[in-house]
>>> print(open('protein38.pdb').read())   # PDB, C-alpha atoms
ATOM      1  CA  MET A 997       4.794  -6.285  18.250
ATOM      2  CA  ASP A 998       1.229  -5.244  17.545
ATOM      3  CA  ILE A 999       0.107  -1.630  17.112
ATOM      4  CA  HIS A1000      -3.156  -0.523  18.708
ATOM      5  CA  ILE A1001      -4.440   2.970  17.842
ATOM      6  CA  GLN A1002      -7.340   4.273  19.912
ATOM      7  CA  HIS A1003      -9.411   7.381  19.100
ATOM      8  CA  LEU A1004      -6.484   9.410  17.774
ATOM      9  CA  THR A1005      -7.182  13.108  17.164
ATOM     10  CA  LYS A1006      -4.842  15.925  16.133
ATOM     11  CA  SER A1007      -5.685  19.489  15.084
ATOM     12  CA  TYR A1008      -3.616  22.312  13.633
ATOM     13  CA  GLY A1009      -5.477  25.457  14.536
ATOM     14  CA  MET A1010      -9.047  25.062  13.288
ATOM     15  CA  GLN A1011      -8.226  22.134  11.001
ATOM     16  CA  LYS A1012      -8.516  18.542  12.230
ATOM     17  CA  ALA A1013      -5.696  16.649  10.550
ATOM     18  CA  VAL A1014      -6.667  13.384  12.293
ATOM     19  CA  ASP A1015     -10.245  12.964  13.488
ATOM     20  CA  ASP A1016     -10.885  10.215  16.079
ATOM     21  CA  ILE A1017      -9.370   7.268  14.195
ATOM     22  CA  SER A1018      -8.831   3.750  15.554
ATOM     23  CA  PHE A1019      -7.219   0.682  13.961
ATOM     24  CA  ASP A1020      -4.906  -2.209  14.804
ATOM     25  CA  VAL A1021      -1.903  -3.746  13.046
ATOM     26  CA  LYS A1022      -0.935  -7.310  13.903
ATOM     27  CA  PRO A1023       2.632  -8.665  14.167
ATOM     28  CA  GLY A1024       3.806  -9.931  10.789
ATOM     29  CA  GLU A1025       1.273  -7.758   8.942
ATOM     30  CA  ILE A1026       2.096  -5.167   6.280
ATOM     31  CA  LEU A1027      -0.535  -2.432   6.400
ATOM     32  CA  GLY A1028      -0.935  -0.079   3.458
ATOM     33  CA  PHE A1029      -1.900   3.346   4.840
ATOM     34  CA  LEU A1030      -3.401   5.334   1.967
ATOM     35  CA  GLY A1031      -4.990   8.696   1.387
ATOM     36  CA  PRO A1032      -4.717  11.832  -0.765
ATOM     37  CA  ASN A1033      -2.307  14.620   0.126
ATOM     38  CA  GLY A1034      -3.461  16.350   3.293
ATOM     39  CA  ALA A1035      -5.590  13.399   4.431
ATOM     40  CA  GLY A1036      -3.710  12.946   7.729
ATOM     41  CA  LYS A1037      -1.383  10.044   6.870
ATOM     42  CA  THR A1038       1.917  11.675   7.779
ATOM     43  CA  THR A1039       0.475  13.227  10.932
ATOM     44  CA  THR A1040      -0.757   9.809  12.051
ATOM     45  CA  MET A1041       2.620   8.209  11.352
ATOM     46  CA  LYS A1042       4.430  10.924  13.282
ATOM     47  CA  ILE A1043       2.133  10.319  16.250
ATOM     48  CA  ILE A1044       2.724   6.560  16.072
ATOM     49  CA  THR A1045       6.487   7.161  16.155
ATOM     50  CA  ASP A1046       6.127   9.787  18.939
ATOM     51  CA  PHE A1047       7.587  12.592  16.835
ATOM     52  CA  ILE A1048       4.530  14.684  17.657
ATOM     53  CA  GLU A1049       1.822  14.395  20.314
ATOM     54  CA  ALA A1050      -1.831  13.753  19.651
ATOM     55  CA  ASP A1051      -4.464  16.081  21.119
ATOM     56  CA  SER A1052      -6.273  12.986  22.382
ATOM     57  CA  GLY A1053      -6.219   9.239  21.979
ATOM     58  CA  GLU A1054      -3.487   6.698  22.504
ATOM     59  CA  VAL A1055      -0.979   4.580  20.586
ATOM     60  CA  LEU A1056       0.018   1.264  22.141
ATOM     61  CA  ILE A1057       2.842  -0.843  20.731
ATOM     62  CA  GLY A1058       3.150  -4.274  22.240
ATOM     63  CA  GLY A1059       0.622  -3.163  24.851
ATOM     64  CA  ARG A1060       2.785  -0.236  26.000
ATOM     65  CA  SER A1061       2.380   3.475  25.364
ATOM     66  CA  VAL A1062       4.557   4.804  22.567
ATOM     67  CA  LYS A1063       5.529   7.624  24.930
ATOM     68  CA  GLU A1064       7.741   5.222  26.893
ATOM     69  CA  GLU A1065      11.297   6.114  25.896
ATOM     70  CA  GLN A1066      12.477   2.487  26.009
ATOM     71  CA  LEU A1067       9.932   1.634  23.319
ATOM     72  CA  HIS A1068      11.532   3.913  20.731
ATOM     73  CA  ARG A1069      14.360   1.465  20.078
ATOM     74  CA  HIS A1070      11.770  -1.027  18.806
ATOM     75  CA  ILE A1071      10.549   1.394  16.109
ATOM     76  CA  GLY A1072      12.165   2.189  12.755
ATOM     77  CA  TYR A1073      10.897   5.252  10.909
ATOM     78  CA  LEU A1074      11.490   6.544   7.388
ATOM     79  CA  PRO A1075       9.815   9.977   7.141
ATOM     80  CA  GLU A1076       8.332  11.309   3.924
ATOM     81  CA  HIS A1077      11.084  13.928   3.614
ATOM     82  CA  ASN A1078      14.129  11.779   4.263
ATOM     83  CA  PRO A1079      16.356  13.720   6.745
ATOM     84  CA  LEU A1080      20.033  12.916   6.159
ATOM     85  CA  TYR A1081      23.328  14.491   7.197
ATOM     86  CA  GLU A1082      24.488  15.077   3.647
ATOM     87  CA  GLU A1083      28.121  15.873   4.449
ATOM     88  CA  MET A1084      28.648  12.457   6.051
ATOM     89  CA  PRO A1085      29.776   9.336   4.145
ATOM     90  CA  VAL A1086      27.126   6.585   4.047
ATOM     91  CA  ILE A1087      28.996   4.223   6.388
ATOM     92  CA  ASN A1088      29.697   6.960   8.939
ATOM     93  CA  PHE A1089      26.066   8.040   8.884
ATOM     94  CA  LEU A1090      24.835   4.499   9.503
ATOM     95  CA  GLU A1091      27.369   4.092  12.312
ATOM     96  CA  PHE A1092      26.063   7.323  13.850
ATOM     97  CA  CYS A1093      22.445   6.117  13.543
ATOM     98  CA  GLY A1094      23.338   2.788  15.153
ATOM     99  CA  ALA A1095      24.918   4.602  18.095
ATOM    100  CA  LEU A1096      21.866   6.878  18.429
ATOM    101  CA  HIS A1097      19.668   3.802  18.721
ATOM    102  CA  GLY A1098      21.848   2.446  21.496
ATOM    103  CA  LEU A1099      23.395  -0.481  19.621
ATOM    104  CA  ASP A1100      26.364  -2.157  21.234
ATOM    105  CA  LYS A1101      29.512  -0.804  19.535
ATOM    106  CA  SER A1102      30.698  -4.317  18.783
ATOM    107  CA  LYS A1103      27.486  -5.060  16.830
ATOM    108  CA  ILE A1104      27.377  -1.887  14.731
ATOM    109  CA  PRO A1105      29.875  -2.975  11.988
ATOM    110  CA  ALA A1106      27.909  -6.184  11.326
ATOM    111  CA  ARG A1107      24.609  -4.289  11.149
ATOM    112  CA  ILE A1108      26.142  -1.752   8.739
ATOM    113  CA  ARG A1109      27.339  -4.571   6.470
ATOM    114  CA  GLU A1110      23.875  -6.119   6.565
ATOM    115  CA  MET A1111      22.136  -2.826   5.730
ATOM    116  CA  VAL A1112      24.596  -2.082   2.915
ATOM    117  CA  ARG A1113      23.805  -5.521   1.483
ATOM    118  CA  VAL A1114      20.009  -5.539   1.778
ATOM    119  CA  CYS A1115      19.608  -1.910   0.650
ATOM    120  CA  GLY A1116      21.999  -2.246  -2.313
ATOM    121  CA  LEU A1117      24.489   0.361  -1.129
ATOM    122  CA  ASP A1118      27.762  -1.517  -1.652
ATOM    123  CA  LEU A1119      29.033   0.654  -4.506
ATOM    124  CA  GLU A1120      27.983   3.871  -2.736
ATOM    125  CA  LYS A1121      28.958   3.110   0.857
ATOM    126  CA  HIS A1122      32.095   5.295   0.921
ATOM    127  CA  LYS A1123      30.503   8.273  -0.851
ATOM    128  CA  LYS A1124      29.189  11.319   0.935
ATOM    129  CA  ILE A1125      25.393  11.408   1.011
ATOM    130  CA  ASN A1126      25.302  14.669  -0.960
ATOM    131  CA  GLU A1127      27.012  12.836  -3.840
ATOM    132  CA  LEU A1128      24.217  10.271  -4.130
ATOM    133  CA  SER A1129      21.208  10.265  -6.434
ATOM    134  CA  LYS A1130      17.744  10.678  -4.923
ATOM    135  CA  GLY A1131      17.130   6.955  -5.245
ATOM    136  CA  TYR A1132      20.270   6.040  -3.331
ATOM    137  CA  ARG A1133      19.524   8.626  -0.668
ATOM    138  CA  GLN A1134      16.184   6.888  -0.189
ATOM    139  CA  ARG A1135      18.034   3.595   0.254
ATOM    140  CA  VAL A1136      20.191   5.217   2.932
ATOM    141  CA  GLY A1137      17.006   6.366   4.654
ATOM    142  CA  LEU A1138      15.698   2.799   4.620
ATOM    143  CA  ALA A1139      19.001   1.551   6.018
ATOM    144  CA  GLN A1140      18.889   4.009   8.932
ATOM    145  CA  ALA A1141      15.302   2.977   9.690
ATOM    146  CA  MET A1142      16.362  -0.664   9.955
ATOM    147  CA  ILE A1143      19.906  -0.374  11.377
ATOM    148  CA  HIS A1144      18.782  -1.294  14.920
ATOM    149  CA  ASP A1145      16.639  -4.229  13.709
ATOM    150  CA  PRO A1146      13.349  -2.797  15.046
ATOM    151  CA  GLU A1147      10.224  -4.902  15.490
ATOM    152  CA  VAL A1148       8.014  -2.130  14.055
ATOM    153  CA  LEU A1149       8.697  -0.305  10.773
ATOM    154  CA  ILE A1150       6.882   2.893   9.766
ATOM    155  CA  LEU A1151       7.674   3.761   6.136
ATOM    156  CA  ASP A1152       6.330   6.982   4.631
ATOM    157  CA  GLU A1153       6.734   6.885   0.822
ATOM    158  CA  PRO A1154       9.742   4.500   0.939
ATOM    159  CA  THR A1155      10.094   4.125  -2.854
ATOM    160  CA  THR A1156      10.056   7.834  -3.721
ATOM    161  CA  GLY A1157      12.770   8.574  -6.266
ATOM    162  CA  LEU A1158      13.530   4.935  -7.055
ATOM    163  CA  ASP A1159      13.563   3.617 -10.609
ATOM    164  CA  PRO A1160      11.300   0.632 -11.497
ATOM    165  CA  ASN A1161      14.052  -1.944 -10.842
ATOM    166  CA  GLN A1162      14.894  -0.396  -7.478
ATOM    167  CA  ARG A1163      11.184  -0.306  -6.540
ATOM    168  CA  VAL A1164      10.885  -4.037  -7.181
ATOM    169  CA  GLU A1165      13.964  -4.698  -5.005
ATOM    170  CA  ILE A1166      12.685  -2.549  -2.133
ATOM    171  CA  ARG A1167       9.219  -4.086  -2.454
ATOM    172  CA  GLU A1168      10.748  -7.545  -2.109
ATOM    173  CA  LEU A1169      12.727  -6.325   0.909
ATOM    174  CA  ILE A1170       9.591  -4.927   2.586
ATOM    175  CA  ARG A1171       7.712  -8.166   1.904
ATOM    176  CA  SER A1172      10.484 -10.222   3.499
ATOM    177  CA  LEU A1173      10.619  -7.860   6.484
ATOM    178  CA  GLY A1174       6.847  -8.169   6.876
ATOM    179  CA  ARG A1175       7.204 -11.851   7.710
ATOM    180  CA  GLN A1176       8.950 -10.992  10.944
ATOM    181  CA  LYS A1177       8.043  -7.365  11.691
ATOM    182  CA  THR A1178       4.983  -5.136  11.931
ATOM    183  CA  VAL A1179       5.018  -2.719   8.986
ATOM    184  CA  ILE A1180       2.955   0.374   8.148
ATOM    185  CA  LEU A1181       3.612   1.512   4.594
ATOM    186  CA  SER A1182       2.338   4.744   3.073
ATOM    187  CA  THR A1183       2.623   5.279  -0.681
ATOM    188  CA  HIS A1184       0.804   6.825  -3.636
ATOM    189  CA  ILE A1185       1.895   3.975  -5.932
ATOM    190  CA  LEU A1186      -1.246   1.836  -5.730
ATOM    191  CA  PRO A1187      -0.006  -1.213  -7.696
ATOM    192  CA  GLU A1188       2.795  -1.357  -5.139
ATOM    193  CA  VAL A1189       0.214  -1.607  -2.374
ATOM    194  CA  GLU A1190      -1.534  -4.515  -4.093
ATOM    195  CA  GLU A1191       1.801  -6.305  -4.518
ATOM    196  CA  THR A1192       3.079  -5.690  -0.989
ATOM    197  CA  CYS A1193       0.360  -5.168   1.594
ATOM    198  CA  ASP A1194      -1.764  -7.664   3.505
ATOM    199  CA  ARG A1195      -4.383  -5.061   4.400
ATOM    200  CA  ILE A1196      -5.292  -1.475   3.552
ATOM    201  CA  VAL A1197      -6.560   1.458   5.587
ATOM    202  CA  ILE A1198      -7.683   4.492   3.563
ATOM    203  CA  ILE A1199      -7.937   7.857   5.303
ATOM    204  CA  ASN A1200      -9.610  10.987   3.920
ATOM    205  CA  ARG A1201      -9.938  14.359   5.647
ATOM    206  CA  GLY A1202      -8.693  12.840   8.873
ATOM    207  CA  LYS A1203     -11.210   9.983   8.993
ATOM    208  CA  ILE A1204     -10.878   6.310   8.079
ATOM    209  CA  VAL A1205     -13.083   5.573   5.059
ATOM    210  CA  ALA A1206     -12.015   1.960   4.366
ATOM    211  CA  ASP A1207     -10.278  -0.890   6.170
ATOM    212  CA  GLY A1208      -9.751  -4.376   4.730
ATOM    213  CA  THR A1209      -7.857  -6.546   2.260
ATOM    214  CA  VAL A1210      -7.667  -5.520  -1.391
ATOM    215  CA  ASP A1211     -10.043  -8.344  -2.357
ATOM    216  CA  MET A1212     -12.510  -7.346   0.364
ATOM    217  CA  LEU A1213     -12.551  -3.705  -0.746
ATOM    218  CA  LYS A1214     -12.977  -4.711  -4.388
ATOM    219  CA  LYS A1215     -15.975  -6.884  -3.542
ATOM    220  CA  GLN A1216     -17.539  -4.079  -1.501
ATOM    221  CA  LYS A1217     -17.007  -1.686  -4.413
ATOM    222  CA  THR A1218     -18.384  -3.809  -7.230
ATOM    223  CA  GLY A1219     -21.310  -5.612  -5.617
ATOM    224  CA  GLN A1220     -22.175  -6.888  -9.121
ATOM    225  CA  GLN A1221     -20.101  -8.857 -11.594
ATOM    226  CA  ILE A1222     -19.424  -7.157 -14.946
ATOM    227  CA  ILE A1223     -18.311  -9.234 -17.958
ATOM    228  CA  ASN A1224     -17.055  -8.132 -21.368
ATOM    229  CA  LEU A1225     -18.457 -10.498 -24.012
ATOM    230  CA  GLN A1226     -17.665 -10.777 -27.724
ATOM    231  CA  VAL A1227     -19.138 -13.441 -30.018
ATOM    232  CA  ASP A1228     -19.301 -14.335 -33.716
ATOM    233  CA  GLY A1229     -21.867 -16.273 -35.702
ATOM    234  CA  GLY A1230     -25.194 -14.750 -34.706
ATOM    235  CA  ASN A1231     -27.524 -11.859 -35.430
ATOM    236  CA  HIS A1232     -26.954  -8.863 -33.164
ATOM    237  CA  ASP A1233     -30.632  -8.508 -32.194
ATOM    238  CA  ASP A1234     -30.917 -12.220 -31.380
ATOM    239  CA  ILE A1235     -27.762 -12.153 -29.277
ATOM    240  CA  TYR A1236     -28.853  -9.058 -27.370
ATOM    241  CA  SER A1237     -32.315 -10.512 -26.649
ATOM    242  CA  ALA A1238     -30.888 -13.863 -25.554
ATOM    243  CA  LEU A1239     -28.397 -12.258 -23.178
ATOM    244  CA  ARG A1240     -31.172 -10.265 -21.496
ATOM    245  CA  THR A1241     -33.210 -13.419 -20.816
ATOM    246  CA  LEU A1242     -30.505 -15.158 -18.760
ATOM    247  CA  PRO A1243     -31.761 -15.427 -15.140
ATOM    248  CA  THR A1244     -28.467 -14.160 -13.664
ATOM    249  CA  VAL A1245     -28.224 -11.085 -15.910
ATOM    250  CA  TYR A1246     -29.253  -7.659 -14.604
ATOM    251  CA  ALA A1247     -28.335  -5.486 -17.610
ATOM    252  CA  VAL A1248     -26.716  -5.706 -21.049
ATOM    253  CA  GLU A1249     -24.892  -2.752 -22.582
ATOM    254  CA  ILE A1250     -24.143  -2.772 -26.332
ATOM    255  CA  MET A1251     -20.507  -1.760 -26.755
ATOM    256  CA  ASN A1252     -20.211  -2.436 -30.509
ATOM    257  CA  PRO A1253     -23.163  -4.030 -32.374
ATOM    258  CA  ALA A1254     -21.186  -4.601 -35.592
ATOM    259  CA  ASP A1255     -18.506  -6.458 -33.631
ATOM    260  CA  ARG A1256     -21.135  -8.160 -31.404
ATOM    261  CA  ARG A1257     -19.411  -6.870 -28.276
ATOM    262  CA  TYR A1258     -21.389  -6.426 -25.029
ATOM    263  CA  SER A1259     -20.947  -5.531 -21.378
ATOM    264  CA  VAL A1260     -23.049  -7.857 -19.222
ATOM    265  CA  THR A1261     -23.854  -6.916 -15.603
ATOM    266  CA  SER A1262     -24.954  -9.742 -13.300
ATOM    267  CA  LYS A1263     -27.627  -9.426 -10.634
ATOM    268  CA  PRO A1264     -26.309  -8.670  -7.111
ATOM    269  CA  GLY A1265     -24.701 -11.788  -5.680
ATOM    270  CA  ALA A1266     -24.996 -13.722  -8.969
ATOM    271  CA  LEU A1267     -22.347 -14.897 -11.456
ATOM    272  CA  SER A1268     -23.043 -15.203 -15.187
ATOM    273  CA  ASN A1269     -19.842 -16.887 -16.490
ATOM    274  CA  HIS A1270     -21.326 -20.377 -16.854
ATOM    275  CA  GLY A1271     -24.675 -19.189 -18.184
ATOM    276  CA  LEU A1272     -23.054 -17.083 -20.893
ATOM    277  CA  PHE A1273     -20.755 -19.930 -21.919
ATOM    278  CA  HIS A1274     -23.584 -22.465 -22.163
ATOM    279  CA  LEU A1275     -25.758 -19.969 -24.068
ATOM    280  CA  CYS A1276     -23.029 -19.595 -26.708
ATOM    281  CA  VAL A1277     -22.687 -23.388 -26.977
ATOM    282  CA  GLN A1278     -26.463 -23.852 -27.345
ATOM    283  CA  ARG A1279     -26.784 -21.151 -30.019
ATOM    284  CA  GLY A1280     -23.635 -22.206 -31.892
ATOM    285  CA  TRP A1281     -21.972 -18.816 -31.412
ATOM    286  CA  ILE A1282     -18.183 -18.564 -31.456
ATOM    287  CA  LEU A1283     -17.071 -17.174 -28.094
ATOM    288  CA  ASN A1284     -14.089 -14.864 -28.646
ATOM    289  CA  GLU A1285     -14.068 -13.093 -25.282
ATOM    290  CA  LEU A1286     -15.597 -13.664 -21.855
ATOM    291  CA  THR A1287     -13.694 -11.440 -19.446
ATOM    292  CA  PRO A1288     -14.845 -10.512 -15.925
ATOM    293  CA  ILE A1289     -13.896  -6.868 -15.322
ATOM    294  CA  GLU A1290     -11.883  -6.473 -12.143
ATOM    295  CA  THR A1291     -12.241  -3.318 -10.102
ATOM    296  CA  LYS A1292      -8.937  -1.506  -9.730
ATOM    297  CA  LEU A1293      -7.655  -0.251  -6.406
ATOM    298  CA  GLU A1294      -7.330   3.145  -8.086
ATOM    299  CA  ASP A1295     -11.111   3.189  -8.721
ATOM    300  CA  ILE A1296     -11.818   2.367  -5.075
ATOM    301  CA  PHE A1297      -9.376   5.032  -3.901
ATOM    302  CA  ARG A1298     -10.941   7.706  -6.136
ATOM    303  CA  ASP A1299     -14.488   6.840  -5.086
ATOM    304  CA  LEU A1300     -13.613   7.079  -1.395
ATOM    305  CA  THR A1301     -11.489  10.227  -1.508
ATOM    306  CA  LEU A1302     -12.993  12.446  -4.213
ATOM    307  CA  ASN A1303     -15.449  14.453  -2.137
TER     308      ASN A1303
END
>>> encode(input="protein38.pdb", output="structure tokens")
Amino acid sequence: MDIHIQHLTKSYGMQKAVDDISFDVKPGEILGFLGPNGAGKTTTMKIITDFIEADSGEVLIGGRSVKEEQLHRHIGYLPEHNPLYEEMPVINFLEFCGALHGLDKSKIPARIREMVRVCGLDLEKHKKINELSKGYRQRVGLAQAMIHDPEVLILDEPTTGLDPNQRVEIRELIRSLGRQKTVILSTHILPEVEETCDRIVIINRGKIVADGTVDMLKKQKTGQQIINLQVDGGNHDDIYSALRTLPTVYAVEIMNPADRRYSVTSKPGALSNHGLFHLCVQRGWILNELTPIETKLEDIFRDLTLN
């Protein structure tokens, strides 16, 4: 099922939490929904899942309004603050959630077994939820979001409280789910987004400030190639002068003259890898390093949200 968000707006008093945003999510796509605290992410996700109403705008899932009650059974939602009935054993809680979602009673035991398996809850399944660690409680929250096998998954900080091994397992699970479901994933763990998501939407102060793949956003951010270069076998002044004369080079920054280490910025749209390599060969310099500097998603995020 696709998700189509049209001109969504939501205010709390005088503050606009979500300010006229629109975007689509295709079936089989994992969308990373990013933004600083207070940017409007959770509000948007609550509107998509029909937990709260927008002031204006519309959310369509599979071409139908999310307000249609029958549509709710196609949506799985893990909120940021994972609400669990802590006095219930894990299995009983999942059985209760399955019944709430209208699953046939005969199918609930099989779905519970499947969720216990995929969420790694086998050793904890008979414990009460209040006896579990934060990481395992998060796994229970994931299990309840998926118990009814929804076509759309909305996951708000799904790996909160998980250790690195658990995060890898849940990331793999989300990736496998993304092949057959529509997933919106919100997280502050940016490397996780790069590993998991097909596309990213960044929101800041209620407005969308970026929308695209990680590679697309990196290219938009850099505009110019930057290369770290380190050579041996030549005079620093000669090397510096020669680098500046290359037709693809825009600027050369001296990082360490004694070590003959430089930062070379290419002209917009140009690449200097080959030119630098051939220059070293021609001059007989020993090339120890030629490393294009890759823009990090963290840099893009900071540039778009620090204002």
>>> atom_distance(input="protein38.pdb", atom1="atom CA of Leu1117 of chain A", atom2="atom CA of Arg1133 of chain A")
9.7 Å
>>> residues_around(input="protein38.pdb", residues="Asp1118 of chain A", least_positions_apart="6", cutoff="12 Å", atoms="all atoms listed in the file", output="list in words")
Val1086, Ile1087, Ile1108, Arg1109, Glu1110, Met1111, Val1112, Tyr1132, Arg1135 and Val1136 of chain A
>>> resolve_selection(input="protein38.pdb", expression="the PyMOL selection byres ((chain A and resi 1011) around 12)", output="number ranges by chain")
A: 1005-1010, 1012-1015, 1034-1036, 1201-1202
>>> atom_distance(input="protein38.pdb", atom1="atom CA of Gly1024 of chain A", atom2="atom CA of Arg1171 of chain A")
9.9 Å
>>> atom_distance(input="protein38.pdb", atom1="atom CA of Ile1196 of chain A", atom2="atom CA of Val1210 of chain A")
6.8 Å
>>> residues_around(input="protein38.pdb", residues="segment 1234-1244 of chain A", least_positions_apart="2", cutoff="9 Å", atoms="all atoms listed in the file", output="list in words")
Val1227, Gly1230, Asn1231, His1232, Tyr1246, Ala1247, Val1248, Glu1249, Ile1250, Arg1256, Tyr1258, Val1260, Thr1261, Ser1262, Lys1263, Pro1264, Ala1266, Leu1267, Ser1268, Gly1271, Leu1272 and Leu1275 of chain A
>>> closest_residue(input="protein38.pdb", among="A:Val1179, A:Leu1302, A:Leu1158, A:Leu1283", to="Asp1020 of chain A", atoms="all atoms listed in the file")
A:Val1179
>>> resolve_selection(input="protein38.pdb", expression="the PyMOL selection byres ((chain A and resi 1169) around 12)", output="number ranges by chain")
A: 1026, 1111, 1113-1116, 1135, 1138-1139, 1142, 1154-1155, 1162-1168, 1170-1177, 1179, 1192
>>> closest_residue(input="protein38.pdb", among="A:Ile1143, A:Ala1206, A:Ile1180, A:Leu1128", to="Ala1106 of chain A", atoms="all atoms listed in the file")
A:Ile1143
>>> resolve_selection(input="protein38.pdb", expression="the PyMOL selection byres ((chain A and resi 1066-1078) around 6)", output="ChimeraX atom specification")
/A:1064-1065,1079,1097,1141-1142,1146-1153
>>> axis_aligned_box(input="protein38.pdb", around="segment 1052-1065 of chain A", padding_each_side="4 Å", output="JSON")
{"center_x": 2.5, "center_y": 4.4, "center_z": 23.7, "size_x": 25.6, "size_y": 25.3, "size_z": 14.3}
>>> residues_around(input="protein38.pdb", residues="Glu1294 of chain A", least_positions_apart="4", cutoff="9 Å", atoms="all atoms listed in the file", output="list in words")
Leu1186, Pro1187, Arg1298 and Asp1299 of chain A
>>> closest_residue(input="protein38.pdb", among="A:Arg1195, A:His1003, A:Arg1257, A:His1144", to="Ile1104 of chain A", atoms="only C-alpha atoms")
A:His1144
>>> residues_around(input="protein38.pdb", residues="Ser1259 of chain A", least_positions_apart="6", cutoff="10 Å", atoms="all atoms listed in the file", output="PyMOL selection string")
chain A and resi 1222-1226+1247-1252+1286-1289
>>> residues_near_point(input="protein38.pdb", point="(27.2, 16.3, 3.2)", cutoff="12 Å", atoms="all atoms listed in the file", output="PyMOL selection string")
chain A and resi 1079-1086+1088-1089+1123-1128+1133
>>> closest_residue(input="protein38.pdb", among="A:Glu1190, A:Asp1233, A:Asp1051, A:Asp1100", to="Leu1293 of chain A", atoms="all atoms listed in the file")
A:Glu1190
>>> closest_residue(input="protein38.pdb", among="A:Val1277, A:Ile999, A:Leu1213, A:Val1189", to="Gly1028 of chain A", atoms="all atoms listed in the file")
A:Val1189
>>> residues_around(input="protein38.pdb", residues="Ile1199 of chain A", least_positions_apart="6", cutoff="7 Å", atoms="all atoms listed in the file", output="JSON, numbers by chain")
{"A": [1030, 1031, 1035, 1205]}
